[in-house]
Amino acid sequence: MEYVNLGKSDLKVSRICMGCMGFGKAETGQHSWTVDEETSKSIIKRGLELGINFYDTAIAYQAGTSEEYLGKAIKEYAKRDEVVIATKFLPRSQEEIADGISGKEHVISSLDASLSHLGMDYVDLYIYHMWDWNTPVEEYLDGMAEGVKAGKIRQIGIANCFAWQLAEANAIAKANGWPEFVSVQNHYNLIMREEEREMKVYADERNIALTPYSALAAGRLSKRPGETSKRLEQDAYAKLKYDASADKDAMVIAKVCEIADAHSVSMTEVSLAWLLTKVASPIVGATKLRHVEGAVKALNLKLSSEEIKALEEFYEPHFLSGVMAQNTPASRTIEQVWIKNGKYRK
């Protein structure tokens, strides 16, 4: 395993981050394809054995049960100070807004709920899950600063934002003496490279770590044409993000297959080896032991400059999809998909 500092922070993280969205009770959350507690724990244990010390979850994942499964596994298989645990809070709900609950109060309440789920006293990285057009970012930053001051948060990160939003938020934080975001978690992979327009340039310049989700495009970059999975068949949200661009993506996926065959490795290894040349620690979801094992193997594959060029040759600009497609002022009047389906217990 390889390790890097998370941006300019003192958090030392593995180059592969295990994404925990696939863990949790399928009957209580947004997804029907997630795995149960025992399976989740076995995957986390295997990740620890392979040197993964970075685990990413969220209060929205399966109504908080992803956090619960992760917390129990870490307690059983690892020392708390040897792992880096990241979780996220959702924007305020319409009910909270109507009740006059401030962004700061929402952060503190959400943090305490996540810590309860995890069975932990602190999180290493607390992430603002998606931009909230109904709440001044100052309120959230103030709440996160309070969590840092209380010893409940070590560092803060942000997800699903534009470069200008990250820059503005960190400028506000700096002006107020609050902690700044040290990482950004956006949508980035071989068939969704819009992050390269502005965010990657800005983050590299400011030493802000990129920890992208959908590293394998919900499995598309790990499967040959005709292969499928439970998630690809059942996850309507994942379909929404990629189906419209399937034709243009097919040529990129074919090149992944070609290079995988040339090296006698999996498509997962090729896709992640490419992404590892761009970012600090991609988030890789796993619902089977072989998923995490394949992800770690990607660290052993070093692509040539010619292979990287070939993988990038057929990319065409994409429309933003999923959460980022809703990052507009119009979202003030709609219920974002994660908020709608991500209810959790406090």
# chains A, B, ... in the order shown; residues from 1 in each chain; ligands from 1
$ residues_around --residues "segment 54-67 of chain A" --least-positions-apart "3" --cutoff "7 Å" --atoms "only C-alpha atoms" --output "VMD selection string"
chain A and resid 13 to 14 17 to 21 23 to 26 28 to 30 70 to 71 83 to 89 114 117 to 118 338 342 to 345
$ residues_around --residues "Leu221 of chain A" --least-positions-apart "5" --cutoff "7 Å" --atoms "only C-alpha atoms" --output "PyMOL selection string"
chain A and resi 216+253+267-268+271
$ atom_distance --atom1 "atom CA of Val270 of chain A" --atom2 "atom CA of Glu316 of chain A"
19.5 Å
$ residues_around --residues "segment 200-215 of chain A" --least-positions-apart "5" --cutoff "8 Å" --atoms "only C-alpha atoms" --output "list of chain:residue names"
A:Leu6, A:Gly7, A:Lys8, A:Cys17, A:Gly19, A:Ala163, A:Phe181, A:Val182, A:Ser183, A:Val184, A:Gln185, A:Asn186, A:His187, A:Tyr188, A:Asn189, A:Glu195, A:Ser271, A:Leu272, A:Leu275, A:Val279, A:Ala280, A:Ser281, A:Pro282, A:Ile283, A:Val284
$ residues_around --residues "Ala169 of chain A" --least-positions-apart "5" --cutoff "12 Å" --atoms "only C-alpha atoms" --output "list in words"
Tyr128, Trp131, Pro136, Val137, Glu138, Glu139, Tyr140, Leu141, Asp142, Ile156, Gly157, Ile158, Cys161, Phe162, Ala163, Trp164, Lys174, Ala175, Asn176, Trp178, Pro179, Glu180, Phe181 and Val182 of chain A
$ closest_atom_pairs --of "segment 145-164 of chain A" --to "segment 109-113 of chain A" --cutoff "9 Å" --atoms "only C-alpha atoms" --output "tab-separated table"
residue	atom	partner	partner_atom	distance
A:Gly147	CA	A:Leu111	CA	7.9
A:Lys152	CA	A:Leu111	CA	8.1
A:Ile153	CA	A:Leu111	CA	8.8
$ closest_residue --among "A:Arg193, A:Asn327, A:Thr34, A:Ala310" --to "Ala159 of chain A" --atoms "only C-alpha atoms"
A:Asn327
$ select_by_dssp --residues "segment 44-177 of chain A" --states "alpha helix (DSSP H)" --output "MDAnalysis selection string"
chainID A and resid 44:49 65:77 94:98 103:118 137:149 163:176
$ closest_residue --among "A:Glu68, A:Asn134, A:Thr39, A:Glu27" --to "Glu96 of chain A" --atoms "only C-alpha atoms"
A:Asn134
$ closest_residue --among "A:Val265, A:Leu190, A:Ile97, A:Leu301" --to "Arg332 of chain A" --atoms "only C-alpha atoms"
A:Ile97
$ residues_around --residues "Asp249 of chain A" --least-positions-apart "3" --cutoff "6 Å" --atoms "only C-alpha atoms" --output "PyMOL selection string"
chain A and resi 191+246+252
$ atom_distance --atom1 "atom CA of Leu125 of chain A" --atom2 "atom CA of Gln155 of chain A"
4.8 Å
$ select_by_dssp --residues "segment 198-332 of chain A" --states "strand (DSSP E or B)" --output "MDAnalysis selection string"
chainID A and resid 209:210 213 283:285
$ decode --residues "segment 68-90 of chain A" --atoms "N, CA, C and O atoms" --output "compact mmCIF listing (two decimals), in the first residue's frame"
# COMPACT_ATOMS: atom_id res chain seq x y z
N GLU A 68 -23.04 2.67 10.95
CA GLU A 68 -23.07 1.68 12.03
C GLU A 68 -22.21 0.47 11.69
O GLU A 68 -21.42 -0.01 12.53
N TYR A 69 -22.34 -0.06 10.49
CA TYR A 69 -21.57 -1.23 10.09
C TYR A 69 -20.07 -0.92 10.10
O TYR A 69 -19.25 -1.73 10.56
N LEU A 70 -19.70 0.25 9.59
CA LEU A 70 -18.29 0.63 9.56
C LEU A 70 -17.74 0.76 10.97
O LEU A 70 -16.66 0.25 11.28
N GLY A 71 -18.49 1.44 11.83
CA GLY A 71 -18.03 1.63 13.20
C GLY A 71 -17.79 0.32 13.93
O GLY A 71 -16.79 0.15 14.65
N LYS A 72 -18.70 -0.63 13.76
CA LYS A 72 -18.55 -1.92 14.42
C LYS A 72 -17.34 -2.69 13.90
O LYS A 72 -16.61 -3.34 14.67
N ALA A 73 -17.11 -2.61 12.58
CA ALA A 73 -15.97 -3.32 12.00
C ALA A 73 -14.65 -2.73 12.47
O ALA A 73 -13.72 -3.46 12.81
N ILE A 74 -14.58 -1.40 12.51
CA ILE A 74 -13.34 -0.76 12.96
C ILE A 74 -13.06 -1.11 14.42
O ILE A 74 -11.92 -1.40 14.81
N LYS A 75 -14.09 -1.10 15.23
CA LYS A 75 -13.91 -1.44 16.65
C LYS A 75 -13.39 -2.85 16.82
O LYS A 75 -12.58 -3.13 17.72
N GLU A 76 -13.83 -3.76 15.94
CA GLU A 76 -13.45 -5.16 16.08
C GLU A 76 -12.08 -5.47 15.47
O GLU A 76 -11.33 -6.29 16.00
N TYR A 77 -11.73 -4.77 14.37
CA TYR A 77 -10.56 -5.19 13.61
C TYR A 77 -9.40 -4.20 13.58
O TYR A 77 -8.33 -4.53 13.05
N ALA A 78 -9.57 -3.01 14.12
CA ALA A 78 -8.50 -2.01 13.99
C ALA A 78 -8.37 -1.17 15.25
O ALA A 78 -9.28 -1.13 16.08
N LYS A 79 -7.26 -0.47 15.37
CA LYS A 79 -7.09 0.53 16.41
C LYS A 79 -7.59 1.85 15.85
O LYS A 79 -7.26 2.23 14.72
N ARG A 80 -8.37 2.56 16.63
CA ARG A 80 -9.02 3.77 16.13
C ARG A 80 -8.03 4.78 15.58
O ARG A 80 -8.29 5.42 14.55
N ASP A 81 -6.88 4.94 16.25
CA ASP A 81 -5.94 5.96 15.81
C ASP A 81 -5.11 5.56 14.60
O ASP A 81 -4.27 6.33 14.13
N GLU A 82 -5.35 4.36 14.07
CA GLU A 82 -4.61 3.89 12.90
C GLU A 82 -5.44 3.95 11.63
O GLU A 82 -4.97 3.53 10.56
N VAL A 83 -6.67 4.45 11.72
CA VAL A 83 -7.53 4.57 10.55
C VAL A 83 -8.02 6.01 10.41
O VAL A 83 -8.05 6.78 11.37
N VAL A 84 -8.39 6.36 9.19
CA VAL A 84 -8.94 7.68 8.88
C VAL A 84 -10.39 7.48 8.45
O VAL A 84 -10.66 6.87 7.41
N ILE A 85 -11.30 7.98 9.26
CA ILE A 85 -12.72 7.80 9.01
C ILE A 85 -13.33 9.11 8.53
O ILE A 85 -13.21 10.15 9.19
N ALA A 86 -13.98 9.05 7.38
CA ALA A 86 -14.66 10.22 6.82
C ALA A 86 -16.16 9.94 6.77
O ALA A 86 -16.59 8.85 6.39
N THR A 87 -16.94 10.92 7.16
CA THR A 87 -18.38 10.84 6.95
C THR A 87 -18.89 12.23 6.54
O THR A 87 -18.14 13.20 6.55
N LYS A 88 -20.16 12.29 6.16
CA LYS A 88 -20.69 13.51 5.55
C LYS A 88 -22.03 13.89 6.16
O LYS A 88 -22.78 13.02 6.62
N PHE A 89 -22.34 15.18 6.10
CA PHE A 89 -23.66 15.64 6.52
C PHE A 89 -24.42 16.21 5.32
O PHE A 89 -23.83 16.79 4.41
N LEU A 90 -25.73 16.00 5.34
CA LEU A 90 -26.61 16.51 4.29
C LEU A 90 -26.95 17.98 4.53
O LEU A 90 -26.83 18.48 5.65
